[in-house]
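Shown next, in C-alpha cells, is the structure this report addresses.
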Number of protein chains: 2
Amino acid sequence: MRVEIWSDIACPWCYVGKARFEKALAAFPHRDQVEVVHRSFELDPGRAKGDIETVTSMLTKKYGMSAAQVDAGEDNLAQLAAAEGLGYRTRGRDHGSTFDMHRLLHLAKEQGRQAELLQVLYRANFADERSVYSEGDERLVGLAVAAGLDAEDARKVLADPDAYADDVRADEREAAQLGAGGVPFFVLDRKVGVSGAQPAEVFSQALTQAWGERQPLQLIDSGDAEACGPDGCAVPPQH
Amino acid sequence: MRVEIWSDIACPWCYVGKARFEKALAAFPHRDQVEVVHRSFELDPGRAKGDIETVTSMLTKKYGMSAAQVDAGEDNLAQLAAAEGLGYRTRGRDHGSTFDMHRLLHLAKEQGRQAELLQVLYRANFADERSVYSEGDERLVGLAVAAGLDAEDARKVLADPDAYADDVRADEREAAQLGAGGVPFFVLDRKVGVSGAQPAEVFSQALTQAWGERQPLQLIDSGDAEACGPDGCAVPPQH
C-alpha cells in the first residue's frame, strides 16, 4: 500500500499532521507493507525567492489578524506540536518561498533520502532559532547534508532554478486533480483521502479502510503466456 | 499510476517482455504519469552463490531437454529479442544465483538508479560474451558502476549477504500473495495484472484499462480539518 502526503514545509498543520499519521502507521499491523511518499504543495506559490518576512507580518498583512491573534495561534500550535513530541518556536519565525526546498526534496527522493530531508526541513523551519529563508543557499545545503545528501549535488540543484521544478509543478497539478484545496492531504492507494491534521485514530481508520479495499488483480489473459517459472520457461512458439 | 514488474535477470521472457511493455508505455498518452518499479523474483532461489553451470547443462539436467531442443529454443528467443532491438547470445551463457543482482537492484532503487541497473544486468546476462556469474563480485561492481552507482557502495552490499536480502524476500512473498507463479508479472495500480511477455498491444490494453479504473477518492471526513490552504491556516481550537 502506498500513502502519498501532499504538504508544505511552511504549513504547521503538515508538521503536526505528519507526526499524528506516523503514530497511526506505527500501530498499523501491515506497516511493513506501507510505503510513504512526499508530494509537493506550496501554500504561497507566487512568492519570489528573496521575498522574506516574519510569519507575524505575513499573517497580519495577508489575513488581517492582530499580532495578539497570531501569538495565540502560535502558542496553541506549539502545545499541539509538543503533544506529538515536536519542538515549536512560537515567536520570530520567517516566512518565504519553499520552492527550493521542494526541489531538494525531489533530489532526495531520487537518492532514497526524502523522509530524512523532510523531517530535517520541518524541524529547521518550526523549531530552530535560525531561519531557513534568510541565510542563502548554504543554509539549505547544510540541511541537505544533515539528511545524508551530497553538498555538491544540493548546490547544483539550488543554482539551477529549473532542476526538479517540473516535478514540483507536477505534484501540485496532481493535488488539484485529486481535489486537494489545502494541506496536509493524505492519499492512500489512490482510493482513500484524508484532509488535514486529523487525530491518529482517523489515520488508523483510513489505513484499515484502504487495506480492506485492496482487490484481487484482474488478470488480462491473452492465451499462452510466454513466461518462466520454477518449472522452466515456456518453449517459444516455432516460426 | 504505478506499474510493478516482477522479474528475474535469468528469465529470457522478462528481458523480451520488458521491451514489449516499454513499447506500449512509450505510446501511452498518460506515460508521464506512470511510474515503473522493479520487483525481485528468483526462478532458482535455492541455488547457492558459487553454483554455476551453463544454461544448456541446467536445461538438459533439470528439465530433460535435449541439447538440440535447448539450441532451438535459444535461437528462437534470439529472434524474438532481435525483433525488440535486443542482443541475445544463443550459445554458452551461464546460469547461477541471481540473488546478489536483486540485492544490488534494491540498492539502486534507493539511489534512483534501478531502471539503469536492470537494463545493464539484462544486457550483460543475455548479450555479453562475459559471464555475470563466474567472474566474482567485481564483475557485478563494474556493472553497478556502469549504471551510475558508486563502486564502494556496491562492494559493501555484495560483501554482506544480509544487505537488502529482506527486500528481495519481501518482493517474492508479495508475488506469491498476488498469485504470480512465474515471471515476468506486471501489476498496474494493484488492480490489473498481466502475466508473461505479452505483445505490446496487450500491455496497451492493460494500461488503458487500469487508467480508466482510477476512482475518485473516498474522503474520510471527521469534521473540522486542521489544514492550511491558499487562504491561510485553520485557527487552532482554543483550549
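In the C-alpha cells, the first chain shown is A, the next is B, and so on; residue numbers restart at 1 for each chain, and ligands run from 1 in the order shown.
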
Near chain A, which residues of chain B fall within 6 Å when you count only C-alpha atoms, and what do they look like as a PyMOL selection string?
chain B and resi 13+43+110-112+182-183+191-194+196-197+217-220+225-230

Convert the current residue selection to file output with N, CA and C atoms, as a short mmCIF file (atom, residue, chain, number, x, y, z; two decimals), in the first residue's frame.
data_model
loop_
_atom_site.label_atom_id
_atom_site.label_comp_id
_atom_site.auth_asym_id
_atom_site.auth_seq_id
_atom_site.Cartn_x
_atom_site.Cartn_y
_atom_site.Cartn_z
N TRP B 13 12.18 -14.40 -20.97
CA TRP B 13 10.89 -13.77 -21.28
C TRP B 13 10.73 -12.44 -20.56
N LEU B 43 13.96 -17.27 -10.11
CA LEU B 43 13.45 -18.52 -10.68
C LEU B 43 14.08 -19.72 -10.00
N GLU B 110 17.14 2.68 -4.10
CA GLU B 110 17.33 3.75 -3.11
C GLU B 110 18.07 4.95 -3.69
N GLN B 111 18.85 4.69 -4.73
CA GLN B 111 19.66 5.77 -5.29
C GLN B 111 19.11 6.25 -6.63
N GLY B 112 17.88 5.85 -6.96
CA GLY B 112 17.27 6.33 -8.20
C GLY B 112 17.92 5.79 -9.45
N GLY B 182 4.90 -17.25 -12.07
CA GLY B 182 6.03 -17.11 -12.97
C GLY B 182 6.25 -15.65 -13.32
N VAL B 183 7.29 -15.41 -14.09
CA VAL B 183 7.62 -14.03 -14.47
C VAL B 183 7.93 -13.97 -15.96
N LYS B 191 -4.35 -3.27 -9.52
CA LYS B 191 -5.70 -3.60 -9.98
C LYS B 191 -5.67 -4.59 -11.13
N VAL B 192 -4.79 -4.33 -12.08
CA VAL B 192 -4.76 -5.12 -13.31
C VAL B 192 -3.43 -5.86 -13.37
N GLY B 193 -3.49 -7.16 -13.66
CA GLY B 193 -2.28 -7.96 -13.76
C GLY B 193 -2.10 -8.50 -15.18
N VAL B 194 -0.85 -8.60 -15.61
CA VAL B 194 -0.53 -9.22 -16.89
C VAL B 194 0.60 -10.20 -16.65
N GLY B 196 3.38 -12.74 -18.17
CA GLY B 196 4.14 -13.15 -19.34
C GLY B 196 4.51 -12.03 -20.29
N ALA B 197 5.38 -12.39 -21.25
CA ALA B 197 5.86 -11.43 -22.25
C ALA B 197 4.82 -11.27 -23.35
N LEU B 217 -11.40 9.76 -5.12
CA LEU B 217 -11.03 9.43 -3.74
C LEU B 217 -12.26 9.38 -2.85
N GLN B 218 -12.27 8.44 -1.93
CA GLN B 218 -13.26 8.46 -0.84
C GLN B 218 -12.65 9.28 0.28
N LEU B 219 -13.19 10.45 0.52
CA LEU B 219 -12.61 11.32 1.54
C LEU B 219 -13.17 10.96 2.91
N ILE B 220 -12.27 10.69 3.83
CA ILE B 220 -12.69 10.47 5.22
C ILE B 220 -12.80 11.82 5.89
N ALA B 225 -11.25 20.21 9.55
CA ALA B 225 -9.91 19.81 9.15
C ALA B 225 -8.92 20.87 9.61
N GLU B 226 -7.91 20.43 10.33
CA GLU B 226 -6.85 21.34 10.72
C GLU B 226 -5.86 21.37 9.58
N ALA B 227 -6.01 22.35 8.71
CA ALA B 227 -5.23 22.37 7.48
C ALA B 227 -4.91 23.80 7.09
N CYS B 228 -3.94 23.93 6.16
CA CYS B 228 -3.58 25.22 5.61
C CYS B 228 -3.88 25.22 4.12
N GLY B 229 -4.36 26.34 3.62
CA GLY B 229 -4.61 26.47 2.19
C GLY B 229 -4.19 27.85 1.72
N PRO B 230 -4.52 28.16 0.48
CA PRO B 230 -4.13 29.47 -0.06
C PRO B 230 -4.72 30.62 0.75
#

Least-squares fit chain A onto chain B by Cα, in order, and just send back the RMSD.
0.1 Å

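Between atom CA of A:Val37 and atom CA of A:Ala147 the separation is 16.1 Å.
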
Select from stretch 80-208 of chain B everything DSSP, run on the backbone, classes as strand (DSSP E or B), then give the selection as a ChimeraX atom specification.
/B:94-95,183,185-188,192-195

Keeping only C-alpha atoms, write the selected residues as a PDB file, in the first residue's frame.
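This is the output file again_33.pdb:
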ATOM      1  CA  ASP B  94      25.925 -19.297 -17.775  1.00  0.00           C
ATOM      2  CA  HIS B  95      23.244 -19.962 -15.199  1.00  0.00           C
ATOM      3  CA  VAL B 183       7.616 -14.033 -14.465  1.00  0.00           C
ATOM      4  CA  PHE B 185       4.472 -10.431 -13.985  1.00  0.00           C
ATOM      5  CA  PHE B 186       3.101  -6.925 -14.432  1.00  0.00           C
ATOM      6  CA  VAL B 187       0.828  -5.266 -11.866  1.00  0.00           C
ATOM      7  CA  LEU B 188      -0.830  -1.941 -12.697  1.00  0.00           C
ATOM      8  CA  VAL B 192      -4.760  -5.119 -13.307  1.00  0.00           C
ATOM      9  CA  GLY B 193      -2.277  -7.958 -13.763  1.00  0.00           C
ATOM     10  CA  VAL B 194      -0.534  -9.216 -16.890  1.00  0.00           C
ATOM     11  CA  SER B 195       1.386 -12.463 -16.855  1.00  0.00           C
TER      12      SER B 195
END

From the DSSP assignment of the backbone, select every residue of stretch 14-209 of chain A that is alpha helix (DSSP H), and format the answer as a ChimeraX atom specification.
/A:14-26,55-63,67-83,99-110,114-126,137-146,151-159,165-177,200-209

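Of the listed residues (B:Glu213, B:Glu172, B:Glu201, B:Asp162), B:Glu201 comes nearest to B:Glu22; the distances count only C-alpha atoms.
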
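With only C-alpha atoms as the atoms that count, the residue of A:Ser57, A:Thr208, A:Asn125, A:Ser40 with the shortest distance to A:Asp166 is A:Ser40.
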
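The residue that comes closest to A:Ser97, out of A:Glu35, A:Asp51, A:Ala83, A:Thr56 and on the basis of only C-alpha atoms, is A:Asp51.
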
Test item: residues at most 10 Å from A:Ala146, only C-alpha atoms, excluding those fewer than 5 positions along its chain, as an NGL selection string
:A and (116-117 or 120-121 or 140-141 or 151)

Tell me, as a list in words, which residues lie within 10 Å of B:Ala159, counting only C-alpha atoms; anything in the same chain fewer than 4 positions away does not count.
Asp100, Asp137, Ala154, Arg155 and Ala163 of chain B

Nearby residues (only C-alpha atoms) at most 8 Å from B:Asp167, same-chain spacing under 3 positions excluded, as a ChimeraX atom specification
/B:103,106,164,170-171
